[in-house]
>>> print(open('target03.cif').read())   # mmCIF, C-alpha atoms
data_query
loop_
_atom_site.group_PDB
_atom_site.id
_atom_site.type_symbol
_atom_site.label_atom_id
_atom_site.label_comp_id
_atom_site.auth_asym_id
_atom_site.auth_seq_id
_atom_site.Cartn_x
_atom_site.Cartn_y
_atom_site.Cartn_z
ATOM 1 C CA CYS A 175 -82.199 -35.250 -104.639
ATOM 2 C CA MET A 176 -78.654 -33.969 -104.168
ATOM 3 C CA ASP A 177 -77.248 -36.023 -107.062
ATOM 4 C CA THR A 178 -77.177 -33.807 -110.177
ATOM 5 C CA PRO A 179 -75.572 -34.096 -113.648
ATOM 6 C CA GLU A 180 -72.834 -31.757 -112.405
ATOM 7 C CA GLY A 181 -72.154 -33.780 -109.270
ATOM 8 C CA LEU A 182 -73.397 -33.947 -105.698
ATOM 9 C CA LEU A 183 -74.781 -30.809 -104.067
ATOM 10 C CA THR A 184 -73.302 -29.808 -100.740
ATOM 11 C CA ASP A 185 -76.756 -28.967 -99.387
ATOM 12 C CA GLU A 186 -80.281 -30.072 -100.168
ATOM 13 C CA PRO A 187 -82.016 -27.842 -102.770
ATOM 14 C CA VAL A 188 -84.517 -25.260 -101.577
ATOM 15 C CA ILE A 189 -87.408 -25.289 -104.039
ATOM 16 C CA LYS A 190 -90.543 -23.277 -103.375
ATOM 17 C CA GLY A 191 -93.582 -25.465 -104.010
ATOM 18 C CA MET A 192 -91.635 -28.690 -103.458
ATOM 19 C CA THR A 193 -89.108 -28.859 -100.609
ATOM 20 C CA VAL A 194 -90.471 -25.536 -99.338
ATOM 21 C CA ASN A 195 -94.102 -26.074 -98.330
ATOM 22 C CA SER A 196 -97.075 -23.712 -98.407
ATOM 23 C CA THR A 197 -96.215 -22.285 -94.980
ATOM 24 C CA GLY A 198 -92.721 -21.334 -96.140
ATOM 25 C CA HIS A 199 -90.857 -24.042 -94.236
ATOM 26 C CA ASN A 200 -88.064 -26.018 -95.893
ATOM 27 C CA ILE A 201 -88.993 -29.605 -95.107
ATOM 28 C CA GLY A 202 -86.218 -31.239 -97.142
ATOM 29 C CA CYS A 203 -86.191 -33.867 -99.852
ATOM 30 C CA GLU A 204 -87.213 -36.922 -97.853
ATOM 31 C CA ALA A 205 -90.217 -35.237 -96.237
ATOM 32 C CA TYR A 206 -91.286 -33.785 -99.588
ATOM 33 C CA ARG A 207 -91.204 -37.213 -101.224
ATOM 34 C CA GLN A 208 -93.401 -38.538 -98.442
ATOM 35 C CA THR A 209 -96.010 -35.865 -99.220
ATOM 36 C CA ILE A 210 -96.257 -37.237 -102.746
ATOM 37 C CA MET A 211 -97.144 -40.700 -101.460
ATOM 38 C CA ASP A 212 -99.541 -39.247 -98.894
ATOM 39 C CA ARG A 213 -101.407 -37.275 -101.553
ATOM 40 C CA ALA A 214 -101.585 -40.284 -103.876
ATOM 41 C CA GLY A 215 -103.516 -42.260 -101.277
ATOM 42 C CA PRO A 216 -103.053 -45.757 -99.835
ATOM 43 C CA GLN A 217 -103.532 -47.583 -103.155
ATOM 44 C CA PHE A 218 -101.138 -45.404 -105.144
ATOM 45 C CA SER A 219 -99.355 -46.553 -108.291
ATOM 46 C CA ASN A 220 -96.472 -45.115 -110.304
ATOM 47 C CA LYS A 221 -99.074 -43.366 -112.454
ATOM 48 C CA GLU A 222 -100.399 -41.298 -109.544
ATOM 49 C CA LEU A 223 -96.934 -40.630 -108.140
ATOM 50 C CA GLY A 224 -95.628 -39.460 -111.506
ATOM 51 C CA ALA A 225 -98.586 -37.166 -112.123
ATOM 52 C CA ILE A 226 -98.216 -35.476 -108.724
ATOM 53 C CA TRP A 227 -94.451 -35.091 -109.129
ATOM 54 C CA ILE A 228 -94.806 -33.540 -112.581
ATOM 55 C CA ASP A 229 -97.525 -31.208 -111.346
ATOM 56 C CA ASP A 230 -95.314 -30.071 -108.459
ATOM 57 C CA GLY A 231 -92.323 -29.634 -110.751
ATOM 58 C CA VAL A 232 -94.180 -27.508 -113.286
ATOM 59 C CA GLY A 233 -95.716 -25.495 -110.466
ATOM 60 C CA ALA A 234 -92.281 -24.847 -108.975
ATOM 61 C CA ILE A 235 -90.977 -23.566 -112.328
ATOM 62 C CA LEU A 236 -93.971 -21.255 -112.740
ATOM 63 C CA GLN A 237 -93.543 -20.019 -109.174
ATOM 64 C CA ALA A 238 -89.845 -19.255 -109.715
ATOM 65 C CA LEU A 239 -90.607 -17.350 -112.918
ATOM 66 C CA GLU A 240 -93.347 -15.360 -111.199
ATOM 67 C CA ASP A 241 -91.134 -14.540 -108.213
ATOM 68 C CA ASN A 242 -88.500 -13.182 -110.613
ATOM 69 C CA GLY A 243 -90.968 -11.193 -112.759
ATOM 70 C CA GLN A 244 -90.409 -13.325 -115.867
ATOM 71 C CA LEU A 245 -93.568 -15.426 -116.083
ATOM 72 C CA ASN A 246 -95.468 -13.317 -118.619
ATOM 73 C CA ASN A 247 -92.423 -12.963 -120.860
ATOM 74 C CA THR A 248 -91.537 -16.675 -120.967
ATOM 75 C CA ILE A 249 -92.746 -19.157 -123.582
ATOM 76 C CA ILE A 250 -93.771 -22.404 -121.920
ATOM 77 C CA ILE A 251 -94.709 -25.393 -124.097
ATOM 78 C CA PHE A 252 -96.165 -28.391 -122.295
ATOM 79 C CA GLN A 253 -96.891 -31.666 -124.084
ATOM 80 C CA GLN A 254 -98.265 -34.960 -122.849
ATOM 81 C CA ASP A 255 -97.098 -38.351 -124.024
ATOM 82 C CA HIS A 256 -99.049 -40.439 -126.509
ATOM 83 C CA GLY A 257 -101.540 -43.112 -125.473
ATOM 84 C CA ILE A 258 -100.274 -46.467 -124.320
ATOM 85 C CA GLU A 259 -102.862 -48.659 -126.100
ATOM 86 C CA THR A 260 -101.301 -48.127 -129.530
ATOM 87 C CA LYS A 261 -97.784 -47.185 -128.497
ATOM 88 C CA LYS A 262 -95.329 -47.645 -131.408
ATOM 89 C CA ALA A 263 -98.236 -47.638 -133.890
ATOM 90 C CA LEU A 264 -99.447 -45.060 -136.414
ATOM 91 C CA TYR A 265 -103.046 -44.806 -135.193
ATOM 92 C CA GLU A 266 -104.126 -41.515 -133.609
ATOM 93 C CA ASN A 267 -103.755 -42.854 -130.074
ATOM 94 C CA GLY A 268 -100.086 -43.533 -130.766
ATOM 95 C CA ILE A 269 -99.142 -40.289 -132.530
ATOM 96 C CA ARG A 270 -101.588 -37.532 -131.495
ATOM 97 C CA ILE A 271 -100.881 -35.631 -128.278
ATOM 98 C CA ALA A 272 -102.079 -32.500 -126.510
ATOM 99 C CA GLN A 273 -99.890 -29.391 -126.650
ATOM 100 C CA PHE A 274 -100.325 -26.356 -124.400
ATOM 101 C CA VAL A 275 -98.574 -23.013 -124.900
ATOM 102 C CA HIS A 276 -98.332 -20.319 -122.212
ATOM 103 C CA TYR A 277 -97.043 -16.881 -123.260
ATOM 104 C CA PRO A 278 -99.175 -14.110 -121.704
ATOM 105 C CA ASP A 279 -97.282 -11.188 -123.270
ATOM 106 C CA VAL A 280 -98.294 -12.424 -126.742
ATOM 107 C CA PHE A 281 -101.365 -14.636 -126.309
ATOM 108 C CA GLY A 282 -102.901 -13.113 -123.182
ATOM 109 C CA VAL A 283 -104.502 -15.176 -120.426
ATOM 110 C CA ALA A 284 -108.106 -15.501 -121.612
ATOM 111 C CA GLY A 285 -107.331 -18.768 -123.386
ATOM 112 C CA MET A 286 -107.597 -19.756 -127.048
ATOM 113 C CA THR A 287 -107.352 -22.842 -129.231
ATOM 114 C CA PHE A 288 -105.577 -23.515 -132.530
ATOM 115 C CA SER A 289 -107.032 -26.199 -134.795
ATOM 116 C CA GLY A 290 -104.225 -26.329 -137.361
ATOM 117 C CA LEU A 291 -102.092 -29.453 -137.828
ATOM 118 C CA VAL A 292 -98.830 -29.026 -135.927
ATOM 119 C CA SER A 293 -95.973 -31.359 -135.045
ATOM 120 C CA THR A 294 -93.169 -31.473 -132.505
ATOM 121 C CA ILE A 295 -90.778 -30.609 -135.354
ATOM 122 C CA ASP A 296 -92.482 -27.189 -135.472
ATOM 123 C CA ILE A 297 -91.294 -26.217 -131.992
ATOM 124 C CA GLY A 298 -87.740 -25.340 -133.062
ATOM 125 C CA PRO A 299 -88.713 -23.078 -136.002
ATOM 126 C CA THR A 300 -91.435 -21.426 -133.879
ATOM 127 C CA LEU A 301 -89.086 -20.566 -131.021
ATOM 128 C CA PHE A 302 -86.532 -19.260 -133.527
ATOM 129 C CA ASP A 303 -89.276 -17.096 -135.003
ATOM 130 C CA PHE A 304 -90.199 -15.636 -131.616
ATOM 131 C CA ALA A 305 -86.504 -14.870 -131.087
ATOM 132 C CA ASN A 306 -86.328 -13.148 -134.524
ATOM 133 C CA ILE A 307 -83.904 -15.781 -135.816
ATOM 134 C CA THR A 308 -85.637 -16.238 -139.137
ATOM 135 C CA SER A 309 -83.086 -16.400 -141.964
ATOM 136 C CA LEU A 310 -79.581 -17.492 -142.825
ATOM 137 C CA THR A 311 -78.438 -13.930 -142.070
ATOM 138 C CA SER A 312 -79.595 -14.307 -138.446
ATOM 139 C CA THR A 313 -76.958 -15.397 -135.955
ATOM 140 C CA GLY A 314 -77.614 -18.961 -134.860
ATOM 141 C CA TYR A 315 -80.078 -19.805 -137.657
ATOM 142 C CA TYR A 316 -79.990 -23.104 -139.494
ATOM 143 C CA ASP A 317 -82.472 -24.925 -141.710
ATOM 144 C CA MET A 318 -84.805 -27.343 -139.986
ATOM 145 C CA ASP A 319 -87.712 -29.572 -140.788
ATOM 146 C CA GLY A 320 -90.903 -28.104 -139.411
ATOM 147 C CA LYS A 321 -92.676 -24.795 -139.729
ATOM 148 C CA SER A 322 -93.280 -21.831 -137.431
ATOM 149 C CA TRP A 323 -96.896 -21.348 -136.314
ATOM 150 C CA LYS A 324 -96.148 -17.962 -134.678
ATOM 151 C CA ASP A 325 -98.015 -15.845 -137.242
ATOM 152 C CA ALA A 326 -100.863 -18.341 -137.678
ATOM 153 C CA ILE A 327 -102.129 -17.939 -134.104
ATOM 154 C CA GLY A 328 -105.074 -15.556 -134.088
ATOM 155 C CA ASN A 329 -105.160 -15.364 -137.907
ATOM 156 C CA THR A 330 -108.295 -17.157 -139.116
ATOM 157 C CA THR A 331 -107.153 -17.433 -142.739
ATOM 158 C CA LYS A 332 -103.778 -18.919 -141.856
ATOM 159 C CA GLU A 333 -105.283 -21.214 -139.239
ATOM 160 C CA THR A 334 -107.712 -22.599 -141.833
ATOM 161 C CA ALA A 335 -104.813 -23.305 -144.193
ATOM 162 C CA TRP A 336 -102.905 -25.086 -141.423
ATOM 163 C CA LYS A 337 -106.018 -27.162 -140.671
ATOM 164 C CA ASP A 338 -107.175 -28.048 -144.188
ATOM 165 C CA GLU A 339 -104.058 -27.980 -146.371
ATOM 166 C CA ARG A 340 -101.064 -29.002 -144.297
ATOM 167 C CA CYS A 341 -99.762 -32.574 -144.351
ATOM 168 C CA LEU A 342 -98.010 -34.333 -141.469
ATOM 169 C CA PHE A 343 -95.965 -37.503 -141.798
ATOM 170 C CA PHE A 344 -95.334 -40.355 -139.386
ATOM 171 C CA GLU A 345 -93.254 -43.519 -139.424
ATOM 172 C CA MET A 346 -92.592 -46.579 -137.295
ATOM 173 C CA GLN A 347 -90.456 -49.497 -138.486
ATOM 174 C CA GLN A 348 -91.392 -49.899 -142.174
ATOM 175 C CA ASP A 349 -94.891 -48.448 -141.706
ATOM 176 C CA ARG A 350 -95.642 -44.942 -142.959
ATOM 177 C CA ALA A 351 -98.578 -42.565 -142.594
ATOM 178 C CA VAL A 352 -99.640 -39.166 -143.892
ATOM 179 C CA ARG A 353 -102.384 -36.903 -142.580
ATOM 180 C CA CYS A 354 -103.576 -34.067 -144.867
ATOM 181 C CA GLY A 355 -106.399 -32.039 -143.385
ATOM 182 C CA CYS A 356 -109.126 -34.516 -142.515
ATOM 183 C CA GLU A 357 -107.706 -37.368 -144.593
ATOM 184 C CA LYS A 358 -105.265 -39.971 -143.343
ATOM 185 C CA TYR A 359 -103.450 -42.757 -145.153
ATOM 186 C CA ILE A 360 -101.408 -45.589 -143.582
ATOM 187 C CA THR A 361 -99.241 -48.165 -145.371
ATOM 188 C CA ILE A 362 -98.209 -51.417 -143.664
ATOM 189 C CA PRO A 363 -95.869 -53.379 -145.988
ATOM 190 C CA ASP A 364 -95.425 -56.371 -143.677
ATOM 191 C CA LYS A 365 -98.293 -56.974 -141.250
ATOM 192 C CA SER A 366 -96.515 -59.948 -139.642
ATOM 193 C CA GLU A 367 -93.700 -57.745 -138.280
ATOM 194 C CA SER A 368 -95.620 -54.487 -137.798
ATOM 195 C CA PHE A 369 -96.261 -52.898 -134.393
ATOM 196 C CA THR A 370 -99.071 -50.938 -136.058
ATOM 197 C CA ALA A 371 -100.782 -54.098 -137.291
ATOM 198 C CA THR A 372 -100.308 -55.865 -133.950
ATOM 199 C CA LYS A 373 -101.722 -52.963 -131.930
ATOM 200 C CA GLY A 374 -104.548 -52.576 -134.425
ATOM 201 C CA ARG A 375 -105.654 -56.183 -134.005
ATOM 202 C CA GLN A 376 -105.432 -55.904 -130.215
ATOM 203 C CA ASN A 377 -107.598 -52.773 -130.100
ATOM 204 C CA GLY A 378 -110.181 -53.472 -132.803
ATOM 205 C CA LEU A 379 -108.688 -51.049 -135.337
ATOM 206 C CA ALA A 380 -108.530 -51.438 -139.108
ATOM 207 C CA VAL A 381 -105.508 -53.382 -140.410
ATOM 208 C CA GLY A 382 -104.454 -53.669 -144.048
ATOM 209 C CA ASP A 383 -101.727 -52.993 -146.603
ATOM 210 C CA ALA A 384 -103.104 -49.504 -147.353
ATOM 211 C CA LEU A 385 -105.679 -47.812 -145.122
ATOM 212 C CA TYR A 386 -107.670 -44.657 -145.804
ATOM 213 C CA PHE A 387 -109.525 -42.779 -143.042
ATOM 214 C CA GLN A 388 -111.759 -39.706 -143.018
ATOM 215 C CA MET A 389 -110.898 -38.171 -139.640
ATOM 216 C CA CYS A 390 -113.603 -35.467 -139.561
ATOM 217 C CA ASP A 391 -117.370 -35.282 -139.589
ATOM 218 C CA SER A 392 -119.412 -33.590 -142.325
ATOM 219 C CA SER A 393 -118.742 -30.182 -140.731
ATOM 220 C CA GLY A 394 -114.969 -30.659 -140.770
ATOM 221 C CA ASN A 395 -114.688 -31.252 -137.017
ATOM 222 C CA TYR A 396 -112.137 -33.799 -135.824
ATOM 223 C CA LEU A 397 -113.815 -37.005 -134.676
ATOM 224 C CA ASN A 398 -112.646 -38.182 -131.301
ATOM 225 C CA PHE A 399 -113.858 -40.073 -128.258
ATOM 226 C CA PRO A 400 -116.699 -40.279 -127.308
ATOM 227 C CA ASN A 401 -117.985 -39.401 -130.786
ATOM 228 C CA GLY A 402 -116.440 -42.426 -132.449
ATOM 229 C CA ASN A 403 -113.036 -43.416 -133.761
ATOM 230 C CA PRO A 404 -112.747 -43.477 -137.580
ATOM 231 C CA GLU A 405 -109.847 -45.917 -137.302
ATOM 232 C CA GLN A 406 -111.969 -48.617 -135.706
ATOM 233 C CA ARG A 407 -112.327 -51.666 -137.930
ATOM 234 C CA ARG A 408 -116.077 -51.294 -138.324
ATOM 235 C CA ARG A 409 -115.896 -47.546 -138.995
ATOM 236 C CA ARG A 410 -113.174 -47.481 -141.656
ATOM 237 C CA THR A 411 -114.104 -45.248 -144.588
ATOM 238 C CA ARG A 412 -114.057 -46.992 -147.946
ATOM 239 C CA ARG A 413 -112.827 -44.663 -150.652
ATOM 240 C CA ASN A 414 -111.904 -45.046 -154.285
ATOM 241 C CA ARG A 415 -108.511 -45.307 -155.883
ATOM 242 C CA VAL A 416 -108.212 -41.565 -156.488
ATOM 243 C CA ASP A 417 -108.393 -40.730 -152.778
ATOM 244 C CA THR A 418 -105.724 -43.191 -151.731
ATOM 245 C CA GLY A 419 -103.657 -42.535 -154.837
ATOM 246 C CA THR A 420 -103.409 -38.814 -154.117
ATOM 247 C CA LEU A 421 -102.295 -39.353 -150.528
ATOM 248 C CA SER A 422 -99.889 -42.037 -151.710
ATOM 249 C CA GLU A 423 -98.267 -39.458 -153.995
ATOM 250 C CA VAL A 424 -97.914 -37.035 -151.070
ATOM 251 C CA LEU A 425 -96.310 -39.776 -148.992
ATOM 252 C CA SER A 426 -93.910 -40.630 -151.842
ATOM 253 C CA CYS A 427 -92.945 -36.947 -152.042
ATOM 254 C CA PHE A 428 -92.080 -36.949 -148.353
ATOM 255 C CA LEU A 429 -90.089 -40.187 -148.542
ATOM 256 C CA ASN A 430 -88.068 -38.838 -151.462
ATOM 257 C CA LYS A 431 -87.526 -35.507 -149.715
ATOM 258 C CA THR A 432 -86.229 -37.126 -146.518
ATOM 259 C CA SER A 433 -84.321 -40.020 -148.054
ATOM 260 C CA PRO A 434 -80.809 -40.328 -146.583
ATOM 261 C CA SER A 435 -79.630 -41.012 -150.127
ATOM 262 C CA ASN A 436 -80.569 -37.454 -151.178
ATOM 263 C CA ASN A 437 -79.240 -34.072 -150.132
ATOM 264 C CA PRO A 438 -81.222 -32.363 -147.339
ATOM 265 C CA ASP A 439 -84.296 -30.643 -148.793
ATOM 266 C CA TYR A 440 -85.885 -27.879 -146.713
ATOM 267 C CA VAL A 441 -87.631 -26.210 -149.665
ATOM 268 C CA THR A 442 -90.032 -28.784 -151.124
ATOM 269 C CA THR A 443 -93.459 -28.824 -149.463
ATOM 270 C CA CYS A 444 -95.378 -32.063 -149.871
ATOM 271 C CA ILE A 445 -99.070 -31.168 -149.989
ATOM 272 C CA LYS A 446 -102.257 -32.687 -151.314
ATOM 273 C CA THR A 447 -103.227 -31.108 -154.632
ATOM 274 C CA ASP A 448 -106.590 -31.220 -156.371
ATOM 275 C CA ASP A 449 -107.665 -34.753 -157.156
ATOM 276 C CA PRO A 450 -106.255 -35.946 -160.491
ATOM 277 C CA PRO A 451 -108.675 -36.781 -163.312
ATOM 278 C CA CYS A 452 -110.248 -40.190 -163.148
ATOM 279 C CA GLN A 453 -108.457 -42.345 -165.709
ATOM 280 C CA ASP A 454 -108.217 -46.015 -166.509
ATOM 281 C CA SER A 455 -104.667 -47.349 -166.420
ATOM 282 C CA SER A 456 -104.982 -50.234 -168.872
ATOM 283 C CA ARG A 457 -105.816 -50.519 -172.598
ATOM 284 C CA MET A 458 -107.887 -53.512 -171.592
ATOM 285 C CA CYS A 459 -110.462 -51.093 -170.164
ATOM 286 C CA SER A 460 -111.191 -49.418 -173.508
ATOM 287 C CA ARG A 461 -111.413 -52.784 -175.242
ATOM 288 C CA ARG A 462 -113.902 -54.036 -172.672
ATOM 289 C CA ARG A 463 -115.864 -50.801 -172.992
ATOM 290 C CA ARG A 464 -116.199 -51.245 -176.766
ATOM 291 C CA ARG A 465 -117.348 -54.832 -176.351
ATOM 292 C CA GLY A 466 -119.682 -53.931 -173.499
ATOM 293 C CA ALA A 467 -118.130 -56.650 -171.386
ATOM 294 C CA THR A 468 -116.771 -55.648 -167.977
ATOM 295 C CA SER A 469 -115.620 -57.420 -164.840
ATOM 296 C CA CYS A 470 -116.268 -54.648 -162.328
ATOM 297 C CA ASN A 471 -117.220 -57.200 -159.709
ATOM 298 C CA ARG A 472 -113.522 -58.117 -159.504
ATOM 299 C CA ARG A 473 -111.356 -55.890 -157.288
ATOM 300 C CA ARG A 474 -108.229 -55.987 -159.479
ATOM 301 C CA PHE A 475 -110.273 -55.056 -162.543
ATOM 302 C CA ARG A 476 -111.816 -52.088 -160.676
ATOM 303 C CA GLN A 477 -108.322 -50.922 -159.694
ATOM 304 C CA LYS A 478 -107.158 -50.915 -163.315
ATOM 305 C CA CYS A 479 -110.415 -49.500 -164.731
ATOM 306 C CA PRO A 480 -111.809 -47.093 -162.096
ATOM 307 C CA ALA A 481 -113.464 -44.792 -164.664
ATOM 308 C CA LEU A 482 -115.122 -47.666 -166.517
ATOM 309 C CA CYS A 483 -116.455 -49.117 -163.249
ATOM 310 C CA GLY A 484 -117.614 -45.763 -161.842
ATOM 311 C CA GLU A 485 -115.116 -45.875 -158.991
ATOM 312 C CA CYS A 486 -114.211 -42.187 -159.257
#
>>> encode(input="target03.cif", output="structure tokens")
Amino acid sequence: CMDTPEGLLTDEPVIKGMTVNSTGHNIGCEAYRQTIMDRAGPQFSNKELGAIWIDDGVGAILQALEDNGQLNNTIIIFQQDHGIETKKALYENGIRIAQFVHYPDVFGVAGMTFSGLVSTIDIGPTLFDFANITSLTSTGYYDMDGKSWKDAIGNTTKETAWKDERCLFFEMQQDRAVRCGCEKYITIPDKSESFTATKGRQNGLAVGDALYFQMCDSSGNYLNFPNGNPEQRRRRTRRNRVDTGTLSEVLSCFLNKTSPSNNPDYVTTCIKTDDPPCQDSSRMCSRRRRRGATSCNRRRFRQKCPALCGEC
């Protein structure tokens, strides 16, 4: 524990809550490490050891801040890692994580929740906002992807907009996904080379070229274990061409905005607009309508003639 990025320490570190125990004695690095294994139990694994070490480390930071009178005036953001079952995939288990924020001087200590859609790319703009670095005239400011949620916390109207209207984007290999409010859309161009497709098959999740999911119940509450997983193969929501088409347009907006071939764009906001009118895309549809002859039992025909076939 004496080997640091700046070189070897001359003495072992003295860290309250780690090398300094609850009785105030400095037991040193080796003895502290042994306490981790003792607390994990005889059948410990790296999982238990890591959890205890992280818990001690966070506790030591909080203790140091409290001892120096800075705890209530310090923003602490703690995030867990994604699930391992669908690691490197675009299902919720592989991209959705818990995020905890501790800032008593602003948010108090009673506890609150925020149901808006946020991303790790929002952390930078949010911390800038708290530091009053909010425009190009502010020293140190620069444009970033992401959005500050500072003023949305505790504001019901803004929180609702963040929950129902905001879109988040995800990518892995050639696979892409967009989540707008309760709706989610995943594209998998090549299922043979896709981590998303592979993990989906292994875990009983829906796999296809284009997947649409309704992530909330009828009351708008996010569906999660143990109340069912909308991404499971047997629970996938079947929706018409308008639903997937609208989310596909949002995804195309994002891909164009972030393309390395284009200049950086921090102005355009890719959001889901009102559903477009239901229209048939082929003259064949009107001809079939006049003749009274349709082929709505065929999937490709329904895709070209959604209005004629009552698909939207």
>>> residues_around(input="target03.cif", residues="Thr260 of chain A", least_positions_apart="3", cutoff="8 Å", atoms="only C-alpha atoms", output="number ranges by chain")
A: 257, 263-265, 267-268, 370, 373-374, 377
>>> write_last_selection(input="target03.cif", atoms="C-alpha atoms", output="tab-separated table (two decimals), keeping the file's coordinate frame")
chain	number	residue	atom	x	y	z
A	257	GLY	CA	-101.54	-43.11	-125.47
A	263	ALA	CA	-98.24	-47.64	-133.89
A	264	LEU	CA	-99.45	-45.06	-136.41
A	265	TYR	CA	-103.05	-44.81	-135.19
A	267	ASN	CA	-103.76	-42.85	-130.07
A	268	GLY	CA	-100.09	-43.53	-130.77
A	370	THR	CA	-99.07	-50.94	-136.06
A	373	LYS	CA	-101.72	-52.96	-131.93
A	374	GLY	CA	-104.55	-52.58	-134.43
A	377	ASN	CA	-107.60	-52.77	-130.10
>>> resolve_selection(input="target03.cif", expression="the PyMOL selection byres ((chain A and resi 234) around 7)", output="list in words")
Ile189, Lys190, Gly191, Met192, Asp230, Gly231, Val232, Gly233, Ile235, Leu236, Gln237 and Ala238 of chain A
>>> residues_around(input="target03.cif", residues="Phe274 of chain A", least_positions_apart="3", cutoff="12 Å", atoms="all atoms listed in the file", output="list in words")
Ile249, Ile250, Ile251, Phe252, Gln253, Gln254, Ile271, Tyr277, Phe281, Gly285, Met286, Thr287, Phe288, Val292, Thr294 and Ile297 of chain A
>>> resolve_selection(input="target03.cif", expression="the PyMOL selection byres ((chain A and resi 441) around 10)", output="PDB file with C-alpha atoms, in the coordinates of the input")
ATOM      1  CA  ASP A 317     -82.472 -24.925-141.710  1.00  0.00           C
ATOM      2  CA  ASP A 319     -87.712 -29.572-140.788  1.00  0.00           C
ATOM      3  CA  LYS A 431     -87.526 -35.507-149.715  1.00  0.00           C
ATOM      4  CA  PRO A 438     -81.222 -32.363-147.339  1.00  0.00           C
ATOM      5  CA  ASP A 439     -84.296 -30.643-148.793  1.00  0.00           C
ATOM      6  CA  TYR A 440     -85.885 -27.879-146.713  1.00  0.00           C
ATOM      7  CA  THR A 442     -90.032 -28.784-151.124  1.00  0.00           C
ATOM      8  CA  THR A 443     -93.459 -28.824-149.463  1.00  0.00           C
ATOM      9  CA  CYS A 444     -95.378 -32.063-149.871  1.00  0.00           C
TER      10      CYS A 444
END
>>> atom_distance(input="target03.cif", atom1="atom CA of Asn195 of chain A", atom2="atom CA of Asp241 of chain A")
15.5 Å
>>> atom_distance(input="target03.cif", atom1="atom CA of Asp349 of chain A", atom2="atom CA of Pro363 of chain A")
6.6 Å
>>> atom_distance(input="target03.cif", atom1="atom CA of Glu240 of chain A", atom2="atom CA of Asp296 of chain A")
27.0 Å
>>> resolve_selection(input="target03.cif", expression="the PyMOL selection byres ((chain A and resi 381) around 10)", output="count of residues only")
21
>>> residues_around(input="target03.cif", residues="Ile445 of chain A", least_positions_apart="2", cutoff="12 Å", atoms="only C-alpha atoms", output="PyMOL selection string")
chain A and resi 335-336+338-343+352-355+357+420-428+442-443+447-449
>>> closest_residue(input="target03.cif", among="A:Glu204, A:Asp391, A:Asp177, A:Asp212", to="Cys356 of chain A", atoms="only C-alpha atoms")
A:Asp391
>>> residues_around(input="target03.cif", residues="segment 181-187 of chain A", least_positions_apart="6", cutoff="12 Å", atoms="only C-alpha atoms", output="list in words")
Cys175, Thr193, Val194, Asn200, Ile201, Gly202, Cys203, Glu204, Ala205 and Tyr206 of chain A
>>> closest_residue(input="target03.cif", among="A:His199, A:Lys332, A:Lys262, A:Arg213", to="Arg350 of chain A", atoms="all atoms listed in the file")
A:Lys262
>>> closest_residue(input="target03.cif", among="A:Ile327, A:Leu223, A:Val280, A:Met389", to="Asn403 of chain A", atoms="only C-alpha atoms")
A:Met389
>>> axis_aligned_box(input="target03.cif", around="segment 182-197 of chain A", padding_each_side="6 Å", output="AutoDock Vina command-line options")
--center_x -85.2 --center_y -28.1 --center_z -100.3 --size_x 35.8 --size_y 23.7 --size_z 22.7
>>> residues_near_point(input="target03.cif", point="(-89.4, -15.9, -134.9)", cutoff="12 Å", atoms="only C-alpha atoms", output="list in words")
Asp296, Ile297, Gly298, Pro299, Thr300, Leu301, Phe302, Asp303, Phe304, Ala305, Asn306, Ile307, Thr308, Ser309, Ser312, Tyr315, Lys321, Ser322, Trp323, Lys324 and Asp325 of chain A
